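Peer 1: Before anything else, here's the structure in question.
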Amino acid sequence: MTDKIFQIIKDDQEYLMQSFRRWYPFIIDHGSGSLVYDVDGKEYIDFNAGIGVIALGHGNTKIIDAVKAQMEKFFHYSLTDFYYEIAVDVAKKLSSFMPYSAKVFYTNSGTESVEAAIKIARGHTGRQWIIGFINSFHGRTLGSLAFTSSKAIQRKSFSPLLPSTYLVPYPDKRDPLCKEDCTESLLAFIEDWIFKKIVDPTEVAAFIAEPIQGEGGVIVPPKDFFYKLNSLLKKYGILLILDEVQTGIGRTGKMFAFEHFNVVPDIICLAKALGGGIPLGAVIGRKEIMDLPPGSHANTFGGNPLALAASKVILDEVPKLLDHVSSVGKEIMEELESTKSPYLYEVRGLGLLIGAELRKDNRPFSEGLEKVLYNSFRRGVLAIGAGESVVRIEPPLTIEEELAIKGTKIIKEEIEKL
Ligand SMILES: Cc1ncc(COP(=O)(O)O)c(C=O)c1O
């Protein structure tokens with residue numbers, strides 16, 4: 001470690017709350033495309049994209065030009081009390097991706113989108129209960145935290161959380177009670193046990209789920225799970241909220257992951273890639289659901305014009321990349337699947353949201369994960385973990401095939417060396 005890196009980390013430890021989990025001492029100086037450079041000038045292949053944010057790669061000139069042009073006009077003016085055109089333009093564009101007439105509420109982060117979705121669901125239905133899924137990640141503020149449950153440390157010592165909430169199992173075939181596909185038994189559990197013994201369905205406002213559990217380990221549900229769940233929910237007038245904060249904006253090879261699952265959610269939550277690296281989130285819902293009365297919900301920064309200028313570029317460019325995302329994602333997965341290691345349990349994912357789970361003696365192999373991530377970092381590839389022992393690969397959507405395979409081969413070799 002050079003003196004400069006050592007000093008920045010020392011100061012970070014002294015001046016920043018240390019509630020984060022860092023995997024290795026990477027200190028970014030700048031980025032270009034799918035490459036990033038540390039403060040000593042060393043180059044790395046970026047398989048993190050700022051955790052699924054930098055969809056068009058680092059230093060995208062179209063985003064830079066759009067933000068600069070908006071900066072010349074005005075930085076901020078608050079939609080809470082005033083109007084501006086770019087907010088309407090981006091909302092129109094977002095609505096055009098939905099299979100129904102939709103309205104948009106802008107936020108500043110994923111967790112804030114989830115908070116807003118909870119309020120919209122309660123406010124619209126007049127019902128109190130919201131049900132989520134075990135092993136989900138929806139954010140860390142006190143409302144969303146009631147549904148975040150991928151690691152106990154996320155909740156430890158922060159109770160009591162939001163009341164009138166409940167968590168049910170996700171259809172995860174690693175669950176010994178689930179086996180290959182437990183869609184039917186899970187739906188029966190919800191209808192025959194939850195709705196009959198814990199809460200009457202007429203008191204349930206919504207179910208909230210990630211279409212693919214990202215932070216929880218890149219868990220892809222059975223193809224028809226959400227369609228069948230939504231059919232059950234609609235019998236009782238219950239809304240389906242899909243949290244597309246990580247999976248949305250092209251990450252899985254479709255604009256939104258729900259398109260893979262033949263389901264139409266009532267509300268989706270977005271953030272991460274939506275603002276191309278400038279904080280921007282959104283809730284998009286059916287027009288008739290997005291009906292909170294004036295004064296009941298707002299924020300100062302939601303729909304910041306600089307973020308919206310970047311978002312306009314994102315929403316124009318990402319649809320052109322979807323085939324590329326699917327094909328490069330497939331190649332990365334094939335490369336990983338050819339890994340010769342007794343510790344590689346499974347490769348999962350869709351598009352460029354990919355996980356490689358490591359197991360030892362039939363248990364999550366978290367020391368193995370740490371070694372693979374650290375040694376890959378030393379060799380110039382940046383990836384982080386998900387779940388207890390899953391290598392998470394989510395590069396910019398623009399990553400060149402050659403670079404993607406070069407980085408994957410390094411991770412593969414590090415798994416083989418375990
Ligand atoms: C699915 C999902 N929802 C919500 C969040 C929270 O987003 P933020 O960190 O912007 O609050 C995340 C963050 O990783 C996420 O992956």
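In the structure tokens, chains take the letters A, B, ... in the order shown, each chain's residues start at 1, and ligands count up from 1 in the order shown.
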Please write out the residues within 10 Å of ligand 1 as a CSV table (one decimal) with all heavy atoms, in the first residue's frame, counting only C-alpha atoms and all ligand atoms.

Peer 2:
```
chain,number,residue,atom,x,y,z
A,51,ILE,N,-21.8,0.0,-8.0
A,51,ILE,CA,-22.9,-0.9,-7.5
A,51,ILE,C,-24.2,-0.7,-8.4
A,51,ILE,O,-25.2,-0.2,-8.0
A,51,ILE,CB,-23.3,-0.8,-6.0
A,51,ILE,CG1,-22.1,-0.6,-5.2
A,51,ILE,CG2,-24.1,-2.0,-5.6
A,51,ILE,CD1,-21.0,-1.7,-5.3
A,52,GLY,N,-24.0,-1.0,-9.7
A,52,GLY,CA,-25.1,-1.0,-10.6
A,52,GLY,C,-25.6,0.4,-11.0
A,52,GLY,O,-26.7,0.5,-11.5
A,53,VAL,N,-24.7,1.4,-10.9
A,53,VAL,CA,-25.2,2.8,-11.2
A,53,VAL,C,-24.7,3.3,-12.5
A,53,VAL,O,-25.5,3.8,-13.3
A,53,VAL,CB,-24.7,3.7,-10.0
A,53,VAL,CG1,-24.9,5.2,-10.4
A,53,VAL,CG2,-25.4,3.4,-8.7
A,107,THR,N,-37.5,10.7,-6.5
A,107,THR,CA,-36.8,10.6,-5.2
A,107,THR,C,-35.3,10.8,-5.4
A,107,THR,O,-34.9,11.1,-6.6
A,107,THR,CB,-37.1,9.2,-4.5
A,107,THR,OG1,-36.3,8.2,-5.3
A,107,THR,CG2,-38.6,8.9,-4.5
A,108,ASN,N,-34.6,10.6,-4.4
A,108,ASN,CA,-33.1,10.8,-4.5
A,108,ASN,C,-32.3,9.5,-4.3
A,108,ASN,O,-31.1,9.5,-4.3
A,108,ASN,CB,-32.7,11.8,-3.4
A,108,ASN,CG,-33.4,13.1,-3.6
A,108,ASN,OD1,-33.0,13.9,-4.5
A,108,ASN,ND2,-34.4,13.4,-2.8
A,109,SER,N,-33.0,8.4,-4.0
A,109,SER,CA,-32.2,7.2,-3.7
A,109,SER,C,-33.2,6.0,-3.7
A,109,SER,O,-34.4,6.2,-3.8
A,109,SER,CB,-31.7,7.2,-2.3
A,109,SER,OG,-32.7,7.3,-1.3
A,110,GLY,N,-32.6,4.8,-3.7
A,110,GLY,CA,-33.5,3.6,-3.7
A,110,GLY,C,-34.4,3.5,-2.5
A,110,GLY,O,-35.6,3.2,-2.6
A,111,THR,N,-33.8,3.7,-1.3
A,111,THR,CA,-34.5,3.6,-0.1
A,111,THR,C,-35.7,4.6,-0.1
A,111,THR,O,-36.8,4.3,0.4
A,111,THR,CB,-33.6,3.7,1.2
A,111,THR,OG1,-34.3,3.1,2.3
A,111,THR,CG2,-33.2,5.1,1.5
A,112,GLU,N,-35.4,5.8,-0.6
A,112,GLU,CA,-36.5,6.8,-0.6
A,112,GLU,C,-37.6,6.4,-1.6
A,112,GLU,O,-38.8,6.7,-1.3
A,112,GLU,CB,-35.9,8.2,-1.0
A,112,GLU,CG,-36.9,9.3,-0.6
A,112,GLU,CD,-36.6,10.6,-1.2
A,112,GLU,OE1,-35.4,10.9,-1.7
A,112,GLU,OE2,-37.5,11.4,-1.3
A,113,SER,N,-37.3,5.7,-2.7
A,113,SER,CA,-38.3,5.2,-3.6
A,113,SER,C,-39.2,4.2,-2.9
A,113,SER,O,-40.4,4.2,-3.0
A,113,SER,CB,-37.7,4.6,-4.8
A,113,SER,OG,-37.0,5.6,-5.6
A,114,VAL,N,-38.5,3.3,-2.1
A,114,VAL,CA,-39.3,2.3,-1.4
A,114,VAL,C,-40.2,3.0,-0.3
A,114,VAL,O,-41.4,2.6,-0.2
A,114,VAL,CB,-38.3,1.3,-0.7
A,114,VAL,CG1,-39.1,0.3,0.2
A,114,VAL,CG2,-37.6,0.5,-1.8
A,115,GLU,N,-39.7,3.9,0.4
A,115,GLU,CA,-40.5,4.7,1.4
A,115,GLU,C,-41.7,5.3,0.7
A,115,GLU,O,-42.8,5.2,1.2
A,115,GLU,CB,-39.7,5.8,2.1
A,115,GLU,CG,-38.4,5.4,2.8
A,115,GLU,CD,-38.7,4.7,4.1
A,115,GLU,OE1,-39.8,4.9,4.7
A,115,GLU,OE2,-37.9,4.0,4.6
A,136,SER,N,-34.5,-10.2,1.3
A,136,SER,CA,-34.5,-9.1,0.3
A,136,SER,C,-33.6,-7.9,0.8
A,136,SER,O,-33.2,-7.9,1.9
A,136,SER,CB,-36.0,-8.5,0.3
A,136,SER,OG,-36.9,-9.5,-0.1
A,137,PHE,N,-33.4,-7.0,-0.2
A,137,PHE,CA,-32.7,-5.8,0.2
A,137,PHE,C,-33.5,-4.6,-0.4
A,137,PHE,O,-33.7,-4.6,-1.6
A,137,PHE,CB,-31.3,-5.7,-0.3
A,137,PHE,CG,-30.5,-4.5,0.3
A,137,PHE,CD1,-29.9,-4.6,1.5
A,137,PHE,CD2,-30.6,-3.3,-0.3
A,137,PHE,CE1,-29.2,-3.6,2.1
A,137,PHE,CE2,-29.9,-2.2,0.2
A,137,PHE,CZ,-29.3,-2.3,1.4
A,138,HIS,N,-34.1,-3.8,0.4
A,138,HIS,CA,-34.9,-2.6,-0.1
A,138,HIS,C,-34.3,-1.3,0.4
A,138,HIS,O,-35.0,-0.3,0.2
A,138,HIS,CB,-36.3,-2.8,0.4
A,138,HIS,CG,-37.0,-4.0,-0.3
A,138,HIS,ND1,-37.3,-4.1,-1.6
A,138,HIS,CD2,-37.5,-5.2,0.3
A,138,HIS,CE1,-37.9,-5.2,-1.9
A,138,HIS,NE2,-38.0,-5.9,-0.8
A,139,GLY,N,-33.2,-1.3,1.2
A,139,GLY,CA,-32.7,0.0,1.7
A,139,GLY,C,-32.6,-0.1,3.2
A,139,GLY,O,-32.9,-1.1,3.8
A,140,ARG,N,-32.1,1.1,3.8
A,140,ARG,CA,-31.7,1.0,5.2
A,140,ARG,C,-32.4,2.1,6.0
A,140,ARG,O,-32.0,2.3,7.2
A,140,ARG,CB,-30.2,1.2,5.3
A,140,ARG,CG,-29.5,0.0,4.6
A,140,ARG,CD,-28.0,0.3,4.6
A,140,ARG,NE,-27.2,-0.6,3.9
A,140,ARG,CZ,-26.6,-1.7,4.4
A,140,ARG,NH1,-26.8,-2.0,5.7
A,140,ARG,NH2,-25.9,-2.5,3.6
A,141,THR,N,-33.3,2.9,5.5
A,141,THR,CA,-34.1,3.8,6.3
A,141,THR,C,-35.2,3.0,7.0
A,141,THR,O,-35.5,1.9,6.7
A,141,THR,CB,-34.6,5.0,5.5
A,141,THR,OG1,-35.3,4.4,4.4
A,141,THR,CG2,-33.5,5.9,5.0
A,144,SER,N,-38.1,1.1,4.9
A,144,SER,CA,-37.6,0.1,4.0
A,144,SER,C,-36.9,-1.0,4.8
A,144,SER,O,-37.0,-2.2,4.3
A,144,SER,CB,-36.7,0.7,2.9
A,144,SER,OG,-35.5,1.1,3.5
A,145,LEU,N,-36.3,-0.7,5.9
A,145,LEU,CA,-35.6,-1.7,6.7
A,145,LEU,C,-36.5,-2.8,7.2
A,145,LEU,O,-36.0,-3.9,7.5
A,145,LEU,CB,-34.9,-1.0,7.9
A,145,LEU,CG,-33.9,-1.8,8.7
A,145,LEU,CD1,-32.8,-2.3,7.8
A,145,LEU,CD2,-33.3,-0.9,9.8
A,147,PHE,N,-38.3,-4.4,5.5
A,147,PHE,CA,-38.4,-5.5,4.5
A,147,PHE,C,-37.0,-5.9,4.1
A,147,PHE,O,-36.9,-6.9,3.3
A,147,PHE,CB,-39.2,-4.9,3.2
A,147,PHE,CG,-40.5,-4.3,3.6
A,147,PHE,CD1,-40.7,-3.0,3.8
A,147,PHE,CD2,-41.6,-5.2,3.9
A,147,PHE,CE1,-41.9,-2.5,4.2
A,147,PHE,CE2,-42.8,-4.7,4.4
A,147,PHE,CZ,-42.9,-3.3,4.5
A,148,THR,N,-36.0,-5.2,4.5
A,148,THR,CA,-34.6,-5.6,4.2
A,148,THR,C,-34.2,-6.7,5.2
A,148,THR,O,-34.3,-6.6,6.4
A,148,THR,CB,-33.7,-4.4,4.3
A,148,THR,OG1,-33.9,-3.6,3.2
A,148,THR,CG2,-32.2,-4.8,4.4
A,209,ALA,N,-41.4,-6.9,-3.4
A,209,ALA,CA,-40.3,-7.9,-3.7
A,209,ALA,C,-39.4,-7.3,-4.7
A,209,ALA,O,-39.7,-6.4,-5.5
A,209,ALA,CB,-41.0,-9.1,-4.3
A,210,GLU,N,-38.2,-7.9,-4.7
A,210,GLU,CA,-37.2,-7.6,-5.8
A,210,GLU,C,-37.5,-8.7,-6.9
A,210,GLU,O,-37.6,-9.9,-6.5
A,210,GLU,CB,-35.8,-7.8,-5.3
A,210,GLU,CG,-35.2,-6.8,-4.4
A,210,GLU,CD,-34.0,-7.3,-3.7
A,210,GLU,OE1,-34.0,-8.0,-2.7
A,210,GLU,OE2,-32.9,-7.0,-4.3
A,211,PRO,N,-37.6,-8.3,-8.1
A,211,PRO,CA,-37.8,-9.3,-9.2
A,211,PRO,C,-36.7,-10.4,-9.2
A,211,PRO,O,-36.9,-11.5,-9.6
A,211,PRO,CB,-37.8,-8.5,-10.5
A,211,PRO,CG,-37.7,-7.1,-10.1
A,211,PRO,CD,-37.5,-7.0,-8.6
A,212,ILE,N,-35.4,-9.9,-8.9
A,212,ILE,CA,-34.3,-10.8,-8.6
A,212,ILE,C,-33.7,-10.3,-7.4
A,212,ILE,O,-33.4,-9.1,-7.2
A,212,ILE,CB,-33.2,-10.8,-9.8
A,212,ILE,CG1,-33.8,-11.2,-11.1
A,212,ILE,CG2,-32.0,-11.6,-9.4
A,212,ILE,CD1,-32.9,-11.0,-12.3
A,213,GLN,N,-33.5,-11.2,-6.4
A,213,GLN,CA,-32.9,-10.7,-5.1
A,213,GLN,C,-31.4,-10.4,-5.4
A,213,GLN,O,-30.6,-11.4,-5.6
A,213,GLN,CB,-33.0,-11.7,-4.0
A,213,GLN,CG,-34.5,-11.7,-3.5
A,213,GLN,CD,-34.7,-12.6,-2.3
A,213,GLN,OE1,-33.9,-13.6,-2.1
A,213,GLN,NE2,-35.6,-12.3,-1.4
A,214,GLY,N,-31.0,-9.2,-5.4
A,214,GLY,CA,-29.6,-8.8,-5.8
A,214,GLY,C,-28.7,-9.0,-4.6
A,214,GLY,O,-27.8,-9.9,-4.6
A,215,GLU,N,-28.8,-8.1,-3.6
A,215,GLU,CA,-27.9,-8.1,-2.5
A,215,GLU,C,-27.9,-9.4,-1.8
A,215,GLU,O,-26.9,-9.9,-1.2
A,215,GLU,CB,-28.3,-7.0,-1.5
A,215,GLU,CG,-27.2,-6.3,-0.8
A,215,GLU,CD,-26.4,-7.1,0.2
A,215,GLU,OE1,-27.0,-7.8,1.0
A,215,GLU,OE2,-25.2,-7.1,0.1
A,216,GLY,N,-29.1,-10.1,-1.8
A,216,GLY,CA,-29.2,-11.4,-1.1
A,216,GLY,C,-28.5,-12.5,-1.8
A,216,GLY,O,-28.6,-13.7,-1.3
A,242,LEU,N,-42.8,-3.9,-7.2
A,242,LEU,CA,-41.6,-4.5,-7.5
A,242,LEU,C,-40.4,-3.5,-7.4
A,242,LEU,O,-40.5,-2.4,-8.0
A,242,LEU,CB,-41.6,-5.1,-8.9
A,242,LEU,CG,-42.4,-6.4,-9.0
A,242,LEU,CD1,-42.3,-7.0,-10.4
A,242,LEU,CD2,-42.0,-7.5,-8.0
A,243,ASP,N,-39.4,-3.9,-6.6
A,243,ASP,CA,-38.3,-3.0,-6.3
A,243,ASP,C,-37.3,-3.3,-7.4
A,243,ASP,O,-36.5,-4.2,-7.4
A,243,ASP,CB,-37.7,-3.3,-4.9
A,243,ASP,CG,-36.5,-2.4,-4.6
A,243,ASP,OD1,-35.9,-1.9,-5.6
A,243,ASP,OD2,-36.1,-2.4,-3.5
A,244,GLU,N,-37.2,-2.4,-8.4
A,244,GLU,CA,-36.3,-2.5,-9.6
A,244,GLU,C,-35.1,-1.6,-9.4
A,244,GLU,O,-34.5,-1.1,-10.4
A,244,GLU,CB,-37.1,-2.2,-10.9
A,244,GLU,CG,-38.2,-3.2,-11.2
A,244,GLU,CD,-37.8,-4.2,-12.3
A,244,GLU,OE1,-36.6,-4.3,-12.7
A,244,GLU,OE2,-38.8,-4.8,-12.9
A,245,VAL,N,-34.8,-1.2,-8.2
A,245,VAL,CA,-33.7,-0.3,-7.9
A,245,VAL,C,-32.4,-0.8,-8.6
A,245,VAL,O,-31.7,-0.1,-9.2
A,245,VAL,CB,-33.6,0.0,-6.4
A,245,VAL,CG1,-32.2,0.7,-6.1
A,245,VAL,CG2,-34.7,0.9,-5.9
A,246,GLN,N,-32.2,-2.1,-8.4
A,246,GLN,CA,-30.9,-2.7,-9.0
A,246,GLN,C,-31.2,-3.3,-10.3
A,246,GLN,O,-30.4,-3.2,-11.2
A,246,GLN,CB,-30.3,-3.7,-8.0
A,246,GLN,CG,-29.0,-4.3,-8.5
A,246,GLN,CD,-28.2,-4.9,-7.4
A,246,GLN,OE1,-27.0,-4.8,-7.5
A,246,GLN,NE2,-28.8,-5.4,-6.4
A,247,THR,N,-32.4,-3.9,-10.5
A,247,THR,CA,-32.6,-4.7,-11.8
A,247,THR,C,-33.1,-3.8,-12.9
A,247,THR,O,-33.0,-4.2,-14.1
A,247,THR,CB,-33.7,-5.8,-11.5
A,247,THR,OG1,-34.8,-5.2,-10.9
A,247,THR,CG2,-33.1,-6.8,-10.6
A,248,GLY,N,-33.6,-2.6,-12.6
A,248,GLY,CA,-34.2,-1.8,-13.6
A,248,GLY,C,-33.2,-1.1,-14.5
A,248,GLY,O,-32.0,-1.2,-14.3
A,269,CYS,N,-40.2,0.6,-8.1
A,269,CYS,CA,-39.2,1.5,-7.5
A,269,CYS,C,-37.9,1.5,-8.3
A,269,CYS,O,-37.4,0.5,-8.6
A,269,CYS,CB,-38.9,1.1,-6.1
A,269,CYS,SG,-40.3,0.9,-5.0
A,270,LEU,N,-37.4,2.7,-8.6
A,270,LEU,CA,-36.2,2.9,-9.3
A,270,LEU,C,-35.2,3.8,-8.6
A,270,LEU,O,-35.6,4.6,-7.8
A,270,LEU,CB,-36.4,3.5,-10.7
A,270,LEU,CG,-37.3,2.7,-11.7
A,270,LEU,CD1,-37.5,3.6,-12.9
A,270,LEU,CD2,-36.7,1.4,-12.0
A,271,ALA,N,-33.9,3.6,-8.9
A,271,ALA,CA,-32.9,4.6,-8.5
A,271,ALA,C,-31.6,4.2,-9.2
A,271,ALA,O,-31.7,4.0,-10.4
A,271,ALA,CB,-32.7,4.6,-6.9
A,272,LYS,N,-30.5,4.0,-8.5
A,272,LYS,CA,-29.2,3.5,-9.1
A,272,LYS,C,-28.9,4.1,-10.5
A,272,LYS,O,-28.6,5.3,-10.6
A,272,LYS,CB,-29.2,2.0,-9.1
A,272,LYS,CG,-28.9,1.4,-7.6
A,272,LYS,CD,-28.4,0.0,-7.7
A,272,LYS,CE,-28.3,-0.6,-6.4
A,272,LYS,NZ,-27.1,-0.3,-5.6
A,273,ALA,N,-29.2,3.3,-11.5
A,273,ALA,CA,-28.7,3.7,-12.9
A,273,ALA,C,-29.6,4.8,-13.5
A,273,ALA,O,-29.2,5.5,-14.5
A,273,ALA,CB,-28.8,2.5,-13.8
A,279,PRO,N,-27.5,11.4,-8.2
A,279,PRO,CA,-28.6,10.8,-7.4
A,279,PRO,C,-30.0,11.1,-7.9
A,279,PRO,O,-30.4,12.3,-8.0
A,279,PRO,CB,-28.4,11.4,-6.0
A,279,PRO,CG,-27.0,11.7,-5.9
A,279,PRO,CD,-26.6,12.2,-7.3
A,280,LEU,N,-30.7,10.0,-8.3
A,280,LEU,CA,-32.1,10.2,-8.8
A,280,LEU,C,-32.8,8.8,-8.6
A,280,LEU,O,-32.3,7.8,-9.0
A,280,LEU,CB,-32.1,10.6,-10.3
A,280,LEU,CG,-33.5,10.7,-10.9
A,280,LEU,CD1,-34.2,11.9,-10.3
A,280,LEU,CD2,-33.4,10.8,-12.4
A,281,GLY,N,-34.0,8.9,-8.0
A,281,GLY,CA,-34.8,7.7,-7.9
A,281,GLY,C,-36.2,8.1,-8.4
A,281,GLY,O,-36.5,9.2,-8.7
```

Peer 1: Got a sec: who's within 6 Å of region 124-127 of chain A, counting only C-alpha atoms, leaving out chain neighbours fewer than 6 positions off, as a PDB file with C-alpha atoms, in the first residue's frame?

Peer 2:
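File written: result.pdb
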```
ATOM      1  CA  GLU A 203     -56.099  -5.380   5.463  1.00  0.00           C
ATOM      2  CA  VAL A 204     -53.090  -5.952   3.181  1.00  0.00           C
ATOM      3  CA  ALA A 205     -52.128  -2.951   1.040  1.00  0.00           C
ATOM      4  CA  ILE A 289     -52.889   4.492  -7.729  1.00  0.00           C
TER       5      ILE A 289
END
```

Peer 1: Counting only C-alpha atoms, what is within 6 Å of Leu382 (chain A), bar same-chain residues fewer than 4 positions away, as an NGL selection string?

Peer 2: :A and (46-47 or 377)

Peer 1: Can you write just those residues out, N, CA, C and O atoms, as a short mmCIF file (atom, residue, chain, number, x, y, z; two decimals), in the first residue's frame?

Peer 2:
```cif
data_model
loop_
_atom_site.label_atom_id
_atom_site.label_comp_id
_atom_site.auth_asym_id
_atom_site.auth_seq_id
_atom_site.Cartn_x
_atom_site.Cartn_y
_atom_site.Cartn_z
N ASP A 46 -13.79 -2.62 -14.21
CA ASP A 46 -14.83 -2.30 -13.23
C ASP A 46 -16.03 -3.24 -13.37
O ASP A 46 -16.87 -3.05 -14.25
N PHE A 47 -16.12 -4.23 -12.48
CA PHE A 47 -17.28 -5.13 -12.46
C PHE A 47 -18.29 -4.69 -11.38
O PHE A 47 -19.13 -5.49 -10.98
N PHE A 377 -8.87 -8.17 -7.09
CA PHE A 377 -8.52 -6.74 -6.96
C PHE A 377 -7.02 -6.53 -7.18
O PHE A 377 -6.61 -5.66 -7.96
#
```

Peer 1: Please provide the set of residues having any atom within 9 Å of Asp65 (chain A), restricted to only C-alpha atoms, with same-chain residues fewer than 5 positions apart removed, written as a list in words.

Peer 2: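 That gives Asn60, Gln70 and Ala310 of chain A.
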
Peer 1: Restrict the selected residues to N, CA, C and O atoms and save them as a PDB file, in the first residue's frame.

Peer 2:
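Writing the result to part.pdb gives the following:
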```pdb
ATOM      1  N   ASN A  60     -19.038   9.278 -19.549  1.00  0.00           N
ATOM      2  CA  ASN A  60     -19.849   9.316 -20.779  1.00  0.00           C
ATOM      3  C   ASN A  60     -20.056  10.767 -21.224  1.00  0.00           C
ATOM      4  O   ASN A  60     -20.602  11.592 -20.482  1.00  0.00           O
ATOM      5  N   GLN A  70     -27.551  21.781 -18.738  1.00  0.00           N
ATOM      6  CA  GLN A  70     -28.576  22.064 -17.727  1.00  0.00           C
ATOM      7  C   GLN A  70     -28.020  22.995 -16.643  1.00  0.00           C
ATOM      8  O   GLN A  70     -28.714  23.889 -16.157  1.00  0.00           O
ATOM      9  N   ALA A 310     -29.152  14.036 -16.965  1.00  0.00           N
ATOM     10  CA  ALA A 310     -28.408  12.784 -17.164  1.00  0.00           C
ATOM     11  C   ALA A 310     -29.378  11.649 -17.484  1.00  0.00           C
ATOM     12  O   ALA A 310     -29.127  10.803 -18.352  1.00  0.00           O
TER      13      ALA A 310
END
```

Peer 1: Hey, what's within 7 Å of region 128-131 of chain A if we count only C-alpha atoms and toss same-chain stuff fewer than 6 positions away? As JSON, numbers by chain, please?

Peer 2: {"A": [122, 164, 165, 166, 167, 203, 204, 205, 206, 207, 208]}

Peer 1: Now that the selection is made, can you save its residues with N, CA, C and O atoms as a PDB file, in the first residue's frame?

Peer 2:
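Below you can see again-v6.pdb, which holds the result:
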```pdb
ATOM      1  N   ARG A 122     -50.238   2.421   1.005  1.00  0.00           N
ATOM      2  CA  ARG A 122     -51.127   2.616   2.152  1.00  0.00           C
ATOM      3  C   ARG A 122     -52.159   3.709   1.861  1.00  0.00           C
ATOM      4  O   ARG A 122     -53.343   3.558   2.142  1.00  0.00           O
ATOM      5  N   SER A 164     -47.099  -3.718  11.426  1.00  0.00           N
ATOM      6  CA  SER A 164     -48.019  -4.212  10.385  1.00  0.00           C
ATOM      7  C   SER A 164     -47.275  -4.599   9.109  1.00  0.00           C
ATOM      8  O   SER A 164     -47.664  -4.254   7.988  1.00  0.00           O
ATOM      9  N   THR A 165     -46.146  -5.270   9.328  1.00  0.00           N
ATOM     10  CA  THR A 165     -45.384  -5.811   8.197  1.00  0.00           C
ATOM     11  C   THR A 165     -45.080  -7.274   8.508  1.00  0.00           C
ATOM     12  O   THR A 165     -45.108  -7.689   9.668  1.00  0.00           O
ATOM     13  N   TYR A 166     -44.797  -8.041   7.486  1.00  0.00           N
ATOM     14  CA  TYR A 166     -44.509  -9.459   7.680  1.00  0.00           C
ATOM     15  C   TYR A 166     -43.611  -9.904   6.535  1.00  0.00           C
ATOM     16  O   TYR A 166     -43.654  -9.324   5.449  1.00  0.00           O
ATOM     17  N   LEU A 167     -42.757 -10.893   6.799  1.00  0.00           N
ATOM     18  CA  LEU A 167     -41.876 -11.412   5.746  1.00  0.00           C
ATOM     19  C   LEU A 167     -42.190 -12.874   5.485  1.00  0.00           C
ATOM     20  O   LEU A 167     -42.332 -13.648   6.432  1.00  0.00           O
ATOM     21  N   GLU A 203     -56.906  -6.394   4.768  1.00  0.00           N
ATOM     22  CA  GLU A 203     -56.099  -5.380   5.463  1.00  0.00           C
ATOM     23  C   GLU A 203     -54.706  -5.241   4.859  1.00  0.00           C
ATOM     24  O   GLU A 203     -53.881  -4.479   5.365  1.00  0.00           O
ATOM     25  N   VAL A 204     -54.426  -5.997   3.789  1.00  0.00           N
ATOM     26  CA  VAL A 204     -53.090  -5.952   3.181  1.00  0.00           C
ATOM     27  C   VAL A 204     -53.088  -4.965   2.015  1.00  0.00           C
ATOM     28  O   VAL A 204     -53.842  -5.123   1.055  1.00  0.00           O
ATOM     29  N   ALA A 205     -52.226  -3.956   2.111  1.00  0.00           N
ATOM     30  CA  ALA A 205     -52.128  -2.951   1.040  1.00  0.00           C
ATOM     31  C   ALA A 205     -51.313  -3.490  -0.124  1.00  0.00           C
ATOM     32  O   ALA A 205     -51.686  -3.311  -1.286  1.00  0.00           O
ATOM     33  N   ALA A 206     -50.174  -4.136   0.178  1.00  0.00           N
ATOM     34  CA  ALA A 206     -49.249  -4.508  -0.907  1.00  0.00           C
ATOM     35  C   ALA A 206     -48.295  -5.599  -0.474  1.00  0.00           C
ATOM     36  O   ALA A 206     -48.035  -5.795   0.713  1.00  0.00           O
ATOM     37  N   PHE A 207     -47.754  -6.288  -1.478  1.00  0.00           N
ATOM     38  CA  PHE A 207     -46.563  -7.127  -1.329  1.00  0.00           C
ATOM     39  C   PHE A 207     -45.430  -6.368  -2.016  1.00  0.00           C
ATOM     40  O   PHE A 207     -45.650  -5.750  -3.070  1.00  0.00           O
ATOM     41  N   ILE A 208     -44.243  -6.420  -1.419  1.00  0.00           N
ATOM     42  CA  ILE A 208     -43.073  -5.797  -2.060  1.00  0.00           C
ATOM     43  C   ILE A 208     -41.987  -6.853  -2.247  1.00  0.00           C
ATOM     44  O   ILE A 208     -41.733  -7.649  -1.344  1.00  0.00           O
TER      45      ILE A 208
END
```

Peer 1: From the list A:Asp200, A:Asp81, A:Glu400, A:Glu180, which residue is nearest Phe301 (chain A) when using only C-alpha atoms?

Peer 2: A:Asp81

Peer 1: Using only C-alpha atoms, can you tell me which of A:Ile267, A:Ala309, A:Ile219, A:Ile28 comes closest to Ala356 (chain A)?

Peer 2: A:Ile219

Peer 1: Excluding Tyr343 (chain A) and its own-chain neighbours fewer than 3 positions away, which residues fall within 12 Å of it when counting only C-alpha atoms? Please give them as an NGL selection string.

Peer 2: :A and (337 or 339-340 or 346-347 or 356-369 or 372 or 389-390 or 412 or 414-418)

Peer 1: Return the single residue from A:Glu334, A:Pro160, A:Asp172, A:Leu306 that is closest to Ala87 (chain A), with distances computed using only C-alpha atoms.

Peer 2: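 That would be A:Leu306, the residue with the smallest distance to Ala87 (chain A).
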
Peer 1: Just asking: which residues within region 125-281 of chain A are strand (DSSP E) according to DSSP, as a PyMOL selection string?

Peer 2: chain A and resi 129-133+165-168+204-209+239-243+267-270+281

Peer 1: Tell me which of A:Gly57, A:Gly385, A:Gly253, A:Gly380 sits closest to Gly407 (chain A), counting only C-alpha atoms.

Peer 2: A:Gly380

Peer 1: Return as JSON lines the residues of region 118-213 of chain A lying at most 12 Å from region 294-300 of chain A, together with the closest atom-to-atom pair for each and the distance in Å to one decimal, counting only C-alpha atoms, with rows in chain order and ascending residue number.

Peer 2:
```
{"residue": "A:Ile118", "atom": "CA", "partner": "A:His297", "partner_atom": "CA", "distance": 11.5}
{"residue": "A:Lys119", "atom": "CA", "partner": "A:His297", "partner_atom": "CA", "distance": 8.3}
{"residue": "A:Ile120", "atom": "CA", "partner": "A:His297", "partner_atom": "CA", "distance": 8.9}
{"residue": "A:Gly123", "atom": "CA", "partner": "A:Ser296", "partner_atom": "CA", "distance": 9.2}
{"residue": "A:His124", "atom": "CA", "partner": "A:Ser296", "partner_atom": "CA", "distance": 11.8}
```
